[in-house]
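Raw entry11.pdb, PDB, C-alpha atoms:
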```pdb
ATOM      1  CA  MET A   1     113.539  91.413 115.362
ATOM      2  CA  VAL A   2     112.936  95.077 116.154
ATOM      3  CA  VAL A   3     111.665  97.622 113.680
ATOM      4  CA  LYS A   4     113.251 100.863 114.789
ATOM      5  CA  SER A   5     110.954 103.823 114.871
ATOM      6  CA  TYR A   6     109.352 105.899 112.195
ATOM      7  CA  PRO A   7     105.942 107.518 112.488
ATOM      8  CA  VAL A   8     104.296 104.751 110.456
ATOM      9  CA  ALA A   9     100.900 106.135 111.435
ATOM     10  CA  ALA A  10     101.509 108.928 108.916
ATOM     11  CA  HIS A  11     101.610 106.256 106.239
ATOM     12  CA  PRO A  12     100.240 104.272 104.386
ATOM     13  CA  THR A  13      98.580 106.448 101.834
ATOM     14  CA  MET A  14      96.545 105.662  98.734
ATOM     15  CA  PHE A  15      97.497 106.813  95.256
ATOM     16  CA  LYS A  16      95.749 106.498  91.894
ATOM     17  CA  THR A  17      97.971 105.986  88.836
ATOM     18  CA  GLU A  18      97.379 107.804  85.565
ATOM     19  CA  LEU A  19      95.612 104.640  84.338
ATOM     20  CA  GLY A  20      93.306 104.616  87.373
ATOM     21  CA  ASP A  21      94.911 101.809  89.409
ATOM     22  CA  GLU A  22      94.553 102.190  93.199
ATOM     23  CA  ILE A  23      97.967 101.797  94.822
ATOM     24  CA  GLU A  24      98.859 101.700  98.510
ATOM     25  CA  LEU A  25     102.140 103.398  99.462
ATOM     26  CA  ARG A  26     103.464 102.151 102.802
ATOM     27  CA  PRO A  27     106.684 101.413 104.661
ATOM     28  CA  MET A  28     108.297  98.000 104.193
ATOM     29  CA  LEU A  29     107.322  95.513 106.914
ATOM     30  CA  PRO A  30     109.015  92.377 108.276
ATOM     31  CA  THR A  31     106.376  90.267 106.477
ATOM     32  CA  ASP A  32     107.333  91.545 102.994
ATOM     33  CA  LYS A  33     110.150  89.093 102.167
ATOM     34  CA  GLU A  34     108.316  86.882  99.658
ATOM     35  CA  GLY A  35     106.531  89.825  98.060
ATOM     36  CA  LEU A  36     109.844  91.631  97.566
ATOM     37  CA  LEU A  37     111.493  88.578  96.041
ATOM     38  CA  ASP A  38     108.553  88.183  93.649
ATOM     39  CA  PHE A  39     108.752  91.893  92.753
ATOM     40  CA  PHE A  40     112.483  91.932  92.060
ATOM     41  CA  ARG A  41     112.262  88.755  89.981
ATOM     42  CA  ARG A  42     109.856  90.638  87.672
ATOM     43  CA  ILE A  43     112.409  93.415  87.137
ATOM     44  CA  PRO A  44     114.394  92.822  83.924
ATOM     45  CA  GLU A  45     117.892  91.475  84.519
ATOM     46  CA  GLU A  46     119.496  94.492  82.826
ATOM     47  CA  ASP A  47     117.690  96.801  85.300
ATOM     48  CA  ARG A  48     118.588  94.674  88.342
ATOM     49  CA  TYR A  49     122.204  94.647  87.229
ATOM     50  CA  SER A  50     122.533  98.379  87.961
ATOM     51  CA  LEU A  51     121.206  98.074  91.525
ATOM     52  CA  LYS A  52     123.590  98.203  94.472
ATOM     53  CA  GLU A  53     122.661  94.777  95.882
ATOM     54  CA  ASN A  54     121.696  91.345  94.570
ATOM     55  CA  VAL A  55     117.961  91.842  95.029
ATOM     56  CA  ILE A  56     116.964  88.354  93.888
ATOM     57  CA  SER A  57     118.988  86.814  96.712
ATOM     58  CA  SER A  58     116.735  85.445  99.436
ATOM     59  CA  THR A  59     119.527  86.174 101.934
ATOM     60  CA  VAL A  60     119.774  89.851 100.950
ATOM     61  CA  ILE A  61     116.009  90.400 101.144
ATOM     62  CA  ALA A  62     115.808  88.501 104.456
ATOM     63  CA  GLN A  63     118.443  90.864 105.874
ATOM     64  CA  TRP A  64     116.435  93.865 104.704
ATOM     65  CA  VAL A  65     113.186  92.783 106.359
ATOM     66  CA  GLN A  66     114.800  91.360 109.511
ATOM     67  CA  ASN A  67     116.899  94.460 110.147
ATOM     68  CA  LEU A  68     114.459  97.252 109.388
ATOM     69  CA  ASP A  69     115.717 100.490 110.904
ATOM     70  CA  TYR A  70     113.646 103.380 109.599
ATOM     71  CA  GLN A  71     116.161 105.823 111.089
ATOM     72  CA  ARG A  72     118.864 104.418 108.774
ATOM     73  CA  VAL A  73     116.865 103.464 105.657
ATOM     74  CA  LEU A  74     113.169 104.149 105.130
ATOM     75  CA  PRO A  75     111.885 101.786 102.413
ATOM     76  CA  ILE A  76     108.485 102.639 100.925
ATOM     77  CA  LEU A  77     106.593 100.030  98.909
ATOM     78  CA  ALA A  78     103.854 100.493  96.331
ATOM     79  CA  VAL A  79     101.316  97.684  96.634
ATOM     80  CA  LYS A  80      98.428  96.859  94.297
ATOM     81  CA  GLU A  81      95.984  94.212  95.490
ATOM     82  CA  GLY A  82      98.628  92.663  97.739
ATOM     83  CA  LYS A  83     101.352  92.637  95.057
ATOM     84  CA  ILE A  84     104.452  94.844  95.430
ATOM     85  CA  ILE A  85     104.909  96.876  92.244
ATOM     86  CA  ALA A  86     107.561  99.416  93.292
ATOM     87  CA  ASP A  87     110.225  99.948  95.935
ATOM     88  CA  GLY A  88     111.575 103.342  96.921
ATOM     89  CA  SER A  89     113.954 104.149  99.735
ATOM     90  CA  LEU A  90     115.394 107.105 101.592
ATOM     91  CA  HIS A  91     118.874 106.437 102.998
ATOM     92  CA  PHE A  92     120.057 108.562 105.926
ATOM     93  CA  SER A  93     123.566 109.422 107.121
ATOM     94  CA  ARG A  94     122.809 110.102 110.784
ATOM     95  CA  ALA A  95     126.267 111.218 111.898
ATOM     96  CA  GLY A  96     129.238 113.160 110.691
ATOM     97  CA  SER A  97     129.650 115.617 107.877
ATOM     98  CA  ARG A  98     126.878 114.064 105.738
ATOM     99  CA  ARG A  99     124.107 113.882 108.327
ATOM    100  CA  HIS A 100     122.152 116.561 106.424
ATOM    101  CA  ILE A 101     122.183 114.496 103.201
ATOM    102  CA  GLY A 102     119.883 111.672 102.152
ATOM    103  CA  GLU A 103     119.980 109.387  99.133
ATOM    104  CA  VAL A 104     116.909 108.190  97.253
ATOM    105  CA  ARG A 105     116.489 105.026  95.183
ATOM    106  CA  ILE A 106     113.423 103.838  93.267
ATOM    107  CA  VAL A 107     112.621 100.700  91.256
ATOM    108  CA  VAL A 108     109.264 100.290  89.476
ATOM    109  CA  ASP A 109     107.786  97.127  87.934
ATOM    110  CA  PRO A 110     107.941  97.499  84.113
ATOM    111  CA  ASP A 111     104.157  96.987  83.878
ATOM    112  CA  TYR A 112     103.600 100.113  86.002
ATOM    113  CA  ARG A 113     106.172 102.491  84.530
ATOM    114  CA  ARG A 114     105.129 105.754  82.853
ATOM    115  CA  GLN A 115     101.996 105.986  85.004
ATOM    116  CA  GLY A 116     103.192 108.567  87.543
ATOM    117  CA  LEU A 117     104.069 105.992  90.212
ATOM    118  CA  GLY A 118     107.814 106.713  90.320
ATOM    119  CA  ARG A 119     107.087 110.453  90.482
ATOM    120  CA  ARG A 120     104.614 109.988  93.344
ATOM    121  CA  MET A 121     107.054 107.816  95.291
ATOM    122  CA  LEU A 122     109.928 110.252  94.736
ATOM    123  CA  ASN A 123     107.695 113.118  95.841
ATOM    124  CA  MET A 124     106.736 111.165  98.982
ATOM    125  CA  LEU A 125     110.415 110.557  99.795
ATOM    126  CA  ILE A 126     111.110 114.283  99.331
ATOM    127  CA  GLU A 127     108.285 115.124 101.763
ATOM    128  CA  ILE A 128     109.677 112.674 104.324
ATOM    129  CA  ALA A 129     113.171 114.147 103.872
ATOM    130  CA  GLU A 130     111.732 117.589 104.642
ATOM    131  CA  GLU A 131     109.973 116.233 107.753
ATOM    132  CA  GLU A 132     113.260 114.653 108.871
ATOM    133  CA  GLY A 133     115.137 117.937 108.481
ATOM    134  CA  LEU A 134     117.394 116.866 105.630
ATOM    135  CA  GLU A 135     118.877 119.666 103.556
ATOM    136  CA  ARG A 136     119.940 117.760 100.446
ATOM    137  CA  LEU A 137     118.851 114.642  98.572
ATOM    138  CA  MET A 138     121.132 112.782  96.180
ATOM    139  CA  PHE A 139     120.024 110.530  93.344
ATOM    140  CA  GLU A 140     122.432 108.506  91.169
ATOM    141  CA  LEU A 141     121.666 107.045  87.758
ATOM    142  CA  ALA A 142     123.306 105.885  84.559
ATOM    143  CA  SER A 143     123.091 108.755  82.097
ATOM    144  CA  ASP A 144     121.665 107.194  78.959
ATOM    145  CA  THR A 145     119.869 104.155  80.362
ATOM    146  CA  GLU A 146     117.600 105.869  82.881
ATOM    147  CA  GLU A 147     116.315 108.881  80.949
ATOM    148  CA  THR A 148     112.759 108.654  82.315
ATOM    149  CA  ALA A 149     114.041 108.665  85.900
ATOM    150  CA  LYS A 150     116.322 111.599  85.120
ATOM    151  CA  HIS A 151     113.433 113.546  83.575
ATOM    152  CA  THR A 152     111.177 112.822  86.570
ATOM    153  CA  ALA A 153     113.882 113.912  89.008
ATOM    154  CA  ARG A 154     114.416 117.146  87.053
ATOM    155  CA  THR A 155     110.701 117.985  87.115
ATOM    156  CA  LEU A 156     110.777 117.669  90.920
ATOM    157  CA  GLY A 157     113.745 120.027  91.231
ATOM    158  CA  PHE A 158     116.771 117.728  91.117
ATOM    159  CA  VAL A 159     119.711 119.109  89.159
ATOM    160  CA  PRO A 160     122.779 117.253  87.867
ATOM    161  CA  VAL A 161     125.803 118.148  90.001
ATOM    162  CA  ALA A 162     128.373 115.574  88.900
ATOM    163  CA  ILE A 163     129.056 113.291  85.979
ATOM    164  CA  ILE A 164     131.657 110.543  86.113
ATOM    165  CA  PRO A 165     132.302 109.448  82.533
ATOM    166  CA  ASN A 166     132.265 105.772  81.567
ATOM    167  CA  ILE A 167     132.219 104.371  85.119
ATOM    168  CA  VAL A 168     129.041 102.249  85.103
ATOM    169  CA  LYS A 169     129.190  98.988  83.145
ATOM    170  CA  ASP A 170     125.933  97.421  82.002
ATOM    171  CA  ILE A 171     125.149  93.729  81.691
ATOM    172  CA  TRP A 172     126.522  93.658  78.132
ATOM    173  CA  GLY A 173     129.842  95.254  79.127
ATOM    174  CA  LYS A 174     129.076  98.719  77.720
ATOM    175  CA  TYR A 175     130.194 101.701  79.814
ATOM    176  CA  HIS A 176     127.896 104.578  80.779
ATOM    177  CA  ASP A 177     128.320 107.877  82.592
ATOM    178  CA  LEU A 178     127.179 108.024  86.222
ATOM    179  CA  VAL A 179     125.112 111.135  86.922
ATOM    180  CA  THR A 180     124.625 112.416  90.451
ATOM    181  CA  MET A 181     121.612 114.678  90.880
ATOM    182  CA  GLN A 182     120.877 116.826  93.915
ATOM    183  CA  LEU A 183     117.802 118.471  95.380
ATOM    184  CA  ARG A 184     117.824 121.173  98.051
ATOM    185  CA  VAL A 185     115.066 120.174 100.469
ATOM    186  CA  GLU A 186     115.549 122.600 103.304
ATOM    187  CA  PRO A 187     112.328 124.420 104.129
ATOM    188  CA  PHE A 188     111.722 127.380 101.852
ATOM    189  CA  TYR A 189     111.537 130.758 103.490
ATOM    190  CA  GLU A 190     111.139 134.226 102.085
ATOM    191  CA  GLU A 191     113.643 136.853 103.025
ATOM    192  CA  GLU A 192     112.267 139.977 104.622
ATOM    193  CA  PRO A 193     112.061 142.749 102.066
ATOM    194  CA  VAL A 194     114.739 145.357 102.418
ATOM    195  CA  VAL A 195     113.168 148.711 103.244
ATOM    196  CA  PHE A 196     115.089 151.853 102.270
TER     197      PHE A 196
END
```
Structure encoded using structure tokens:
Amino acid sequence: MVVKSYPVAAHPTMFKTELGDEIELRPMLPTDKEGLLDFFRRIPEEDRYSLKENVISSTVIAQWVQNLDYQRVLPILAVKEGKIIADGSLHFSRAGSRRHIGEVRIVVDPDYRRQGLGRRMLNMLIEIAEEEGLERLMFELASDTEETAKHTARTLGFVPVAIIPNIVKDIWGKYHDLVTMQLRVEPFYEEEPVVF
């Protein structure tokens, strides 16, 4: 097993939640399989249902940790006293017409929501995207089931750019709109003033 490069020395970092909990934010490691399975089993079934993979499958999680390639997907974990409490990831398209675009995904343990953890992780992923030279970040969510995530993304500069009506089906069979949000992450620069 080879973990393909990322400047891991720049991370981990410590973060204090709004309730005062000390949280370590660090890249996923090959030893995180059991911790990830435990984490995802604590996520309510209706939340897991909207994720892109079966995250309570031991096979899926084993593939994640055995095939870590930080140049393709950079997964960041939030860990409190050895227990994983959130998973965020930055997905790269390294070739072709989308190589300047990244996608972010975040899942937070229900016991640690509304404490600033998702915001801190999203902000960290934005900073990494800037370091990696990405120009745009995309974030997808179901319109009326992930309002807190949508609000957090908006406060960090994401704007809705597309809505596909009634495309996402929840665990109970109800349809929801899929919202795609975008953030411009290219380095900010000021234009030279025009002198007349």
Explicit residue set for the PyMOL selection byres ((chain A and resi 169-186) around 9), as a ChimeraX atom specification: /A:45-47,49-50,126-127,129-130,133-145,150,153-154,156-168,187-188
Let me have the centre and edge lengths of the axis-aligned box enclosing all listed atoms of stretch 94-98 of chain A with 5 Å padding on every side, in Å to one decimal, as lines of an AutoDock Vina configuration file.
```
center_x = 126.2
center_y = 112.9
center_z = 108.8
size_x = 16.8
size_y = 15.5
size_z = 16.2
```
Test item: the PyMOL selection byres ((chain A and resi 85-87) around 10) resolved as a PyMOL selection string: chain A and resi 23-28+35-36+38-40+42-43+75-84+88-89+105-113+117-118+121
When you count all atoms listed in the file, which of these residues is closest to A:Phe92: A:Ile128, A:Ser57, A:Thr152, A:Arg114?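 With all atoms listed in the file as the atom set, the closest residue is A:Ile128.
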Among listed residues A:Leu37, A:Leu74, A:Ala95, A:Met124, nearest A:Ile61 (using only C-alpha atoms):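 Of A:Leu37, A:Leu74, A:Ala95, A:Met124, the one nearest A:Ile61 is A:Leu37, counting only C-alpha atoms.
A straight line drawn from atom CA of A:Glu53 to atom CA of A:Asp32 is 17.2 Å long.
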Using only C-alpha atoms: which of A:Gln71, A:Thr155, A:Asn54, A:Gln115 has the shortest distance to A:Arg99: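 Comparing A:Gln71, A:Thr155, A:Asn54, A:Gln115 against A:Arg99, the winner is A:Gln71.
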Expressed in Å to a single decimal, how great is the separation between atom CA of A:Asn123 and atom CA of A:Thr31? 25.2 Å
